[in-house]
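Chemist: Input file: input36.txt. Contents: compact mmCIF, C-alpha atoms.
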```txt
# COMPACT_ATOMS: atom_id res chain seq x y z
CA MET A 20 -20.14 -9.71 5.42
CA ILE A 21 -18.65 -10.21 1.96
CA GLU A 22 -22.13 -9.99 0.44
CA GLN A 23 -22.71 -6.64 2.17
CA PHE A 24 -19.31 -5.39 1.03
CA GLN A 25 -20.10 -6.30 -2.59
CA LYS A 26 -22.98 -3.78 -2.87
CA PRO A 27 -20.96 -0.55 -2.49
CA ILE A 28 -18.06 -2.07 -4.43
CA GLU A 29 -20.43 -2.71 -7.34
CA ILE A 30 -21.23 1.01 -7.45
CA LEU A 31 -17.54 1.86 -7.75
CA ARG A 32 -16.95 -0.96 -10.22
CA GLY A 33 -19.91 0.12 -12.37
CA SER A 34 -18.76 3.74 -12.50
CA GLY A 35 -15.18 2.81 -13.39
CA LYS A 36 -13.92 4.32 -10.12
CA LEU A 37 -12.56 1.15 -8.50
CA GLY A 38 -8.77 1.24 -8.63
CA ALA A 39 -7.85 -1.74 -6.47
CA LEU A 40 -9.06 -3.47 -3.36
CA LEU A 41 -6.56 -3.52 -0.53
CA LEU A 42 -6.58 -6.59 1.67
CA GLN A 43 -4.56 -5.61 4.72
CA LEU A 44 -3.76 -8.50 7.01
CA SER A 45 -2.97 -8.39 10.69
CA PRO A 46 0.54 -9.12 11.97
CA ALA A 47 -1.10 -12.12 13.65
CA PHE A 48 -1.61 -13.61 10.18
CA SER A 49 1.76 -15.35 10.16
CA PRO A 50 3.14 -18.31 8.21
CA LYS A 51 3.52 -20.22 11.49
CA MET A 52 -0.21 -20.01 12.24
CA HIS A 53 -1.81 -19.53 8.82
CA LYS A 54 -1.59 -20.46 5.15
CA LEU A 55 -2.00 -18.09 2.24
CA SER A 56 -4.56 -20.52 0.83
CA GLU A 57 -6.91 -19.16 3.51
CA LEU A 58 -7.27 -16.17 1.15
CA ASP A 59 -8.45 -18.32 -1.78
CA TYR A 60 -12.15 -17.70 -1.21
CA LEU A 61 -11.76 -13.90 -1.01
CA LEU A 62 -9.52 -13.82 -4.04
CA GLY A 63 -12.10 -15.87 -5.92
CA VAL A 64 -15.00 -13.62 -4.93
CA PHE A 65 -13.12 -10.49 -6.01
CA GLY A 66 -11.27 -12.13 -8.91
CA GLN A 67 -12.60 -9.62 -11.44
CA ASP A 68 -11.00 -6.76 -9.48
CA ARG A 69 -7.42 -5.79 -8.96
CA ILE A 70 -6.42 -6.98 -5.49
CA ALA A 71 -3.46 -5.75 -3.46
CA ILE A 72 -2.44 -7.81 -0.43
CA GLU A 73 -0.58 -6.17 2.42
CA LEU A 74 1.07 -8.68 4.67
CA ARG A 75 2.06 -7.21 8.00
CA ASN A 76 4.17 -10.05 9.31
CA ARG A 77 7.76 -9.99 8.08
CA ASN A 78 8.03 -13.78 8.27
CA TRP A 79 6.10 -14.02 4.99
CA VAL A 80 9.13 -12.58 3.19
CA GLU A 81 12.02 -14.08 5.13
CA GLY A 82 14.24 -16.81 3.66
CA GLU A 83 12.57 -19.49 1.56
CA GLN A 84 9.11 -18.23 2.55
CA LEU A 85 9.60 -15.21 0.26
CA LYS A 86 9.51 -17.35 -2.89
CA ALA A 87 6.40 -19.22 -1.76
CA THR A 88 4.65 -15.96 -0.89
CA LEU A 89 5.47 -14.32 -4.21
CA ASP A 90 4.54 -17.47 -6.14
CA TYR A 91 1.14 -17.56 -4.43
CA LEU A 92 0.43 -13.91 -5.23
CA ARG A 93 1.55 -14.33 -8.84
CA ALA A 94 -0.66 -17.42 -9.27
CA HIS A 95 -3.64 -15.37 -8.05
CA SER A 96 -2.75 -12.17 -9.99
CA ALA A 97 -2.67 -10.27 -6.71
CA ALA A 98 -0.33 -7.34 -6.16
CA PHE A 99 2.14 -7.69 -3.31
CA VAL A 100 1.90 -4.45 -1.35
CA LEU A 101 5.29 -2.81 -1.21
CA VAL A 102 5.99 -0.47 1.66
CA ASP A 103 8.02 2.47 2.73
CA ALA A 104 8.49 1.87 6.44
CA PRO A 105 11.17 2.15 9.09
CA ALA A 106 14.40 0.29 8.34
CA GLU A 107 14.04 -2.02 11.33
CA LYS A 108 13.91 -5.81 11.59
CA HIS A 109 10.76 -5.93 13.71
CA PHE A 110 8.30 -8.72 12.82
CA THR A 111 5.54 -6.19 12.04
CA ILE A 112 7.70 -4.09 9.70
CA MET A 113 8.02 -5.30 6.14
CA PRO A 114 11.33 -4.51 4.42
CA ARG A 115 11.19 -1.32 2.42
CA ASP A 116 13.81 -2.51 -0.07
CA LEU A 117 11.53 -5.24 -1.40
CA ASN A 118 10.28 -4.24 -4.86
CA GLU A 119 8.72 -7.44 -6.18
CA ILE A 120 6.00 -7.03 -8.80
CA THR A 121 3.60 -9.99 -8.66
CA THR A 122 1.19 -8.88 -11.39
CA PRO A 123 2.06 -6.72 -14.39
CA ARG A 124 -1.26 -4.91 -13.99
CA LEU A 125 -0.46 -3.20 -10.70
CA ALA A 126 2.27 -2.14 -8.32
CA TYR A 127 0.90 -0.92 -4.98
CA LEU A 128 3.15 1.10 -2.70
CA ARG A 129 2.03 2.17 0.79
CA LEU A 130 4.00 4.74 2.71
CA HIS A 131 3.82 4.30 6.47
CA GLY A 132 6.55 6.71 7.50
CA ARG A 133 10.01 5.92 8.82
CA ASN A 134 9.71 6.44 12.57
CA ALA A 135 10.56 3.00 14.01
CA ARG A 136 9.81 3.88 17.62
CA ALA A 137 6.34 5.24 16.80
CA TYR A 138 5.63 2.34 14.43
CA THR A 139 6.35 -0.32 17.05
CA THR A 140 5.13 1.38 20.24
CA GLY A 141 2.36 3.75 19.12
CA LYS A 142 -0.93 3.05 20.88
CA THR A 143 -3.10 4.58 18.14
CA VAL A 144 -2.97 4.61 14.36
CA ALA A 145 -2.24 8.34 14.43
CA ALA A 146 0.69 7.75 16.79
CA ARG A 147 2.09 4.81 14.80
CA PHE A 148 2.10 6.64 11.49
CA ASN A 149 2.98 10.11 12.75
CA TYR A 150 5.63 10.96 10.19
CA ASN A 151 6.20 13.91 7.90
CA TYR A 152 8.23 12.93 4.83
CA SER A 153 11.05 15.32 3.93
CA ASP A 154 11.47 16.58 0.38
CA ASP A 155 14.53 14.34 -0.04
CA GLU A 156 12.52 11.30 1.07
CA ILE A 157 9.72 12.24 -1.33
CA GLY A 158 12.36 12.34 -4.07
CA GLU A 159 13.55 8.83 -3.11
CA VAL A 160 10.01 7.47 -3.24
CA ALA A 161 9.35 9.22 -6.56
CA GLN A 162 12.38 7.48 -8.03
CA ARG A 163 11.21 4.14 -6.63
CA THR A 164 7.80 4.79 -8.22
CA ARG A 165 9.40 5.44 -11.61
CA THR A 166 11.30 2.14 -11.32
CA LEU A 167 8.12 0.24 -10.43
CA ALA A 168 6.35 1.84 -13.40
CA GLN A 169 8.84 0.14 -15.72
CA GLU A 170 7.37 -3.25 -14.71
CA ALA A 171 3.72 -2.51 -13.93
CA LYS A 172 0.98 -0.96 -16.03
CA GLU A 173 -0.20 1.13 -13.07
CA VAL A 174 1.49 2.17 -9.84
CA HIS A 175 -0.71 3.18 -6.93
CA VAL A 176 1.11 5.19 -4.26
CA VAL A 177 -0.85 5.53 -1.03
CA PHE A 178 0.32 7.63 1.90
CA ASN A 179 -0.62 6.11 5.26
CA ASN A 180 1.20 8.68 7.41
CA ASN A 181 -2.16 9.81 8.69
CA ALA A 182 -1.33 12.14 11.54
CA LEU A 183 -2.40 15.75 11.05
CA ASP A 184 -2.38 16.64 7.34
CA TYR A 185 0.88 14.85 6.54
CA ALA A 186 -0.57 12.41 3.98
CA PRO A 187 -2.35 14.85 1.63
CA ARG A 188 0.56 17.29 1.74
CA ALA A 189 3.06 14.48 1.02
CA ALA A 190 0.86 13.26 -1.83
CA ALA A 191 0.82 16.71 -3.40
CA ARG A 192 4.62 16.94 -3.12
CA MET A 193 4.90 13.44 -4.63
CA ARG A 194 2.78 14.46 -7.61
CA ALA A 195 5.00 17.49 -8.09
CA ALA A 196 8.14 15.31 -7.87
CA LEU A 197 6.66 13.02 -10.54
CA GLY A 198 5.79 15.97 -12.76
CA GLN A 199 2.05 15.33 -12.57
CA MET A 200 -0.45 18.13 -12.93
CA ILE A 201 -1.77 19.46 -9.65
CA ALA A 202 -4.99 21.44 -9.79
CA ASP A 203 -5.09 24.64 -7.82
CA ARG A 204 -7.21 24.46 -4.72
CA PRO A 205 -10.46 26.38 -5.04
CA ARG A 206 -10.28 29.66 -3.23
CA GLN A 207 -13.06 31.68 -1.76
CA THR A 208 -13.42 35.04 -3.43
CA GLU A 209 -13.17 38.16 -1.33
CA LEU A 210 -16.44 38.97 0.37
CA PHE A 211 -15.61 42.53 1.40
```
Rewrite the structure of this file - the entire thing - as structure tokens.

Modeler:
Amino acid sequence: MIEQFQKPIEILRGSGKLGALLLQLSPAFSPKMHKLSELDYLLGVFGQDRIAIELRNRNWVEGEQLKATLDYLRAHSAAFVLVDAPAEKHFTIMPRDLNEITTPRLAYLRLHGRNARAYTTGKTVAARFNYNYSDDEIGEVAQRTRTLAQEAKEVHVVFNNNALDYAPRAAARMRAALGQMIADRPRQTELF
């Protein structure tokens, strides 16, 4: 499977279009049942690329486990995926106040929305991440992004609130909040 995955990645790599590879782990990948060293092979295969690892089990960042997790990611030059998520202590929800940079090359921030009930009980991806960020929340995330940019060469902000058109609209508002240029959308000329 990794061999098959390498072929399209090589196209992106060769064209300079590969930003980072996201390795998103299941909540079942927990420190009670697994070890981070299980990722060694993958990290070795993709060692030339920037890798971002999204842990989806809060136990990786609780108590003394946090230091071990961050040390592992730093040793492998992998970015710890930071999240904007509901402020709940559910085992599948990573804390949104965690801003640890594990490689100076990359900070990777994923925005899942802040609806705790949908996040923990949604039966589909669209239901779980059905959240429309307010302008004030976009402003908060923009400030967080600026802070991350003080420690990392690049900051990738990825909206995962993928119900309806919430993600692309939030991304456009985020770019505006950060003062980035936003190209006008092409418009069809009048036909009549």

Chemist: So, with all atoms listed in the file as the atoms that count, which of A:Glu170, A:Glu81, A:Asp155, A:Asp90 lies closest to Ile120 of chain A?

Modeler: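 With all atoms listed in the file as the atom set, the closest residue is A:Glu170.
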
Chemist: Could you state the separation of atom CA of Trp79 of chain A and atom CA of Glu173 of chain A in Å, given to one decimal place?

Modeler: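 Value for the atom CA of Trp79 of chain A-atom CA of Glu173 of chain A distance: 24.4 Å.
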
Chemist: Tell me which protein, DNA and RNA residues are within 12 Å of Lys51 of chain A, counting all atoms listed in the file, leaving out same-chain ones fewer than 2 positions away, and put them as JSON, numbers by chain.

Modeler: {"A": [46, 47, 48, 49, 53, 54, 55, 76, 77, 78, 79, 84]}

Chemist: Please produce a file of those selected residues containing C-alpha atoms, as a compact mmCIF listing (two decimals), keeping the file's coordinate frame.

Modeler:
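Output file result-v4.txt is given in full below:
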```
# COMPACT_ATOMS: atom_id res chain seq x y z
CA PRO A 46 0.54 -9.12 11.97
CA ALA A 47 -1.10 -12.12 13.65
CA PHE A 48 -1.61 -13.61 10.18
CA SER A 49 1.76 -15.35 10.16
CA HIS A 53 -1.81 -19.53 8.82
CA LYS A 54 -1.59 -20.46 5.15
CA LEU A 55 -2.00 -18.09 2.24
CA ASN A 76 4.17 -10.05 9.31
CA ARG A 77 7.76 -9.99 8.08
CA ASN A 78 8.03 -13.78 8.27
CA TRP A 79 6.10 -14.02 4.99
CA GLN A 84 9.11 -18.23 2.55
```

Chemist: Near Leu101 of chain A, counting all atoms listed in the file, which residues have an atom at most 8 Å away, once you skip same-chain residues fewer than 2 positions from it, shown as a PyMOL selection string?

Modeler: chain A and resi 73+99+103+115+117-119+126-129

Chemist: Interatomic distance between atom CA of Asn179 of chain A and atom CA of His131 of chain A?

Modeler: 4.9 Å

Chemist: Complete the atoms of segment 35-55 of chain A to N, CA and C atoms and put them out as a compact mmCIF listing (two decimals), in the coordinates of the input.

Modeler:
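Ended up saving to out.txt:
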```txt
# COMPACT_ATOMS: atom_id res chain seq x y z
N GLY A 35 -16.58 2.77 -12.96
CA GLY A 35 -15.18 2.81 -13.39
C GLY A 35 -14.27 3.50 -12.40
N LYS A 36 -14.69 3.60 -11.14
CA LYS A 36 -13.92 4.32 -10.12
C LYS A 36 -13.15 3.39 -9.17
N LEU A 37 -13.23 2.09 -9.40
CA LEU A 37 -12.56 1.15 -8.50
C LEU A 37 -11.14 0.92 -8.99
N GLY A 38 -10.17 1.43 -8.25
CA GLY A 38 -8.77 1.24 -8.63
C GLY A 38 -8.28 -0.15 -8.26
N ALA A 39 -8.28 -0.43 -6.97
CA ALA A 39 -7.85 -1.74 -6.47
C ALA A 39 -8.43 -1.92 -5.08
N LEU A 40 -8.64 -3.15 -4.72
CA LEU A 40 -9.06 -3.47 -3.36
C LEU A 40 -7.83 -3.85 -2.56
N LEU A 41 -7.68 -3.22 -1.41
CA LEU A 41 -6.56 -3.52 -0.53
C LEU A 41 -7.01 -4.49 0.55
N LEU A 42 -6.35 -5.62 0.61
CA LEU A 42 -6.58 -6.59 1.67
C LEU A 42 -5.39 -6.49 2.62
N GLN A 43 -5.62 -5.85 3.74
CA GLN A 43 -4.56 -5.61 4.72
C GLN A 43 -4.71 -6.64 5.84
N LEU A 44 -3.70 -7.44 6.02
CA LEU A 44 -3.76 -8.50 7.01
C LEU A 44 -3.08 -8.10 8.30
N SER A 45 -3.53 -8.66 9.37
CA SER A 45 -2.97 -8.39 10.69
C SER A 45 -1.60 -9.02 10.83
N PRO A 46 -0.73 -8.45 11.68
CA PRO A 46 0.54 -9.12 11.97
C PRO A 46 0.35 -10.53 12.54
N ALA A 47 -0.82 -10.79 13.11
CA ALA A 47 -1.10 -12.12 13.65
C ALA A 47 -1.28 -13.16 12.54
N PHE A 48 -1.52 -12.70 11.32
CA PHE A 48 -1.61 -13.61 10.18
C PHE A 48 -0.18 -13.94 9.77
N SER A 49 0.36 -14.98 10.36
CA SER A 49 1.76 -15.35 10.16
C SER A 49 1.86 -16.71 9.50
N PRO A 50 2.99 -17.00 8.85
CA PRO A 50 3.14 -18.31 8.21
C PRO A 50 3.23 -19.46 9.22
N LYS A 51 3.49 -19.17 10.46
CA LYS A 51 3.52 -20.22 11.49
C LYS A 51 2.11 -20.65 11.88
N MET A 52 1.16 -19.72 11.79
CA MET A 52 -0.21 -20.01 12.24
C MET A 52 -1.22 -20.11 11.10
N HIS A 53 -0.86 -19.60 9.92
CA HIS A 53 -1.81 -19.53 8.82
C HIS A 53 -1.16 -19.96 7.51
N LYS A 54 -2.03 -20.16 6.52
CA LYS A 54 -1.59 -20.46 5.15
C LYS A 54 -2.20 -19.42 4.23
N LEU A 55 -1.47 -19.06 3.20
CA LEU A 55 -2.00 -18.09 2.24
C LEU A 55 -3.25 -18.63 1.55
```
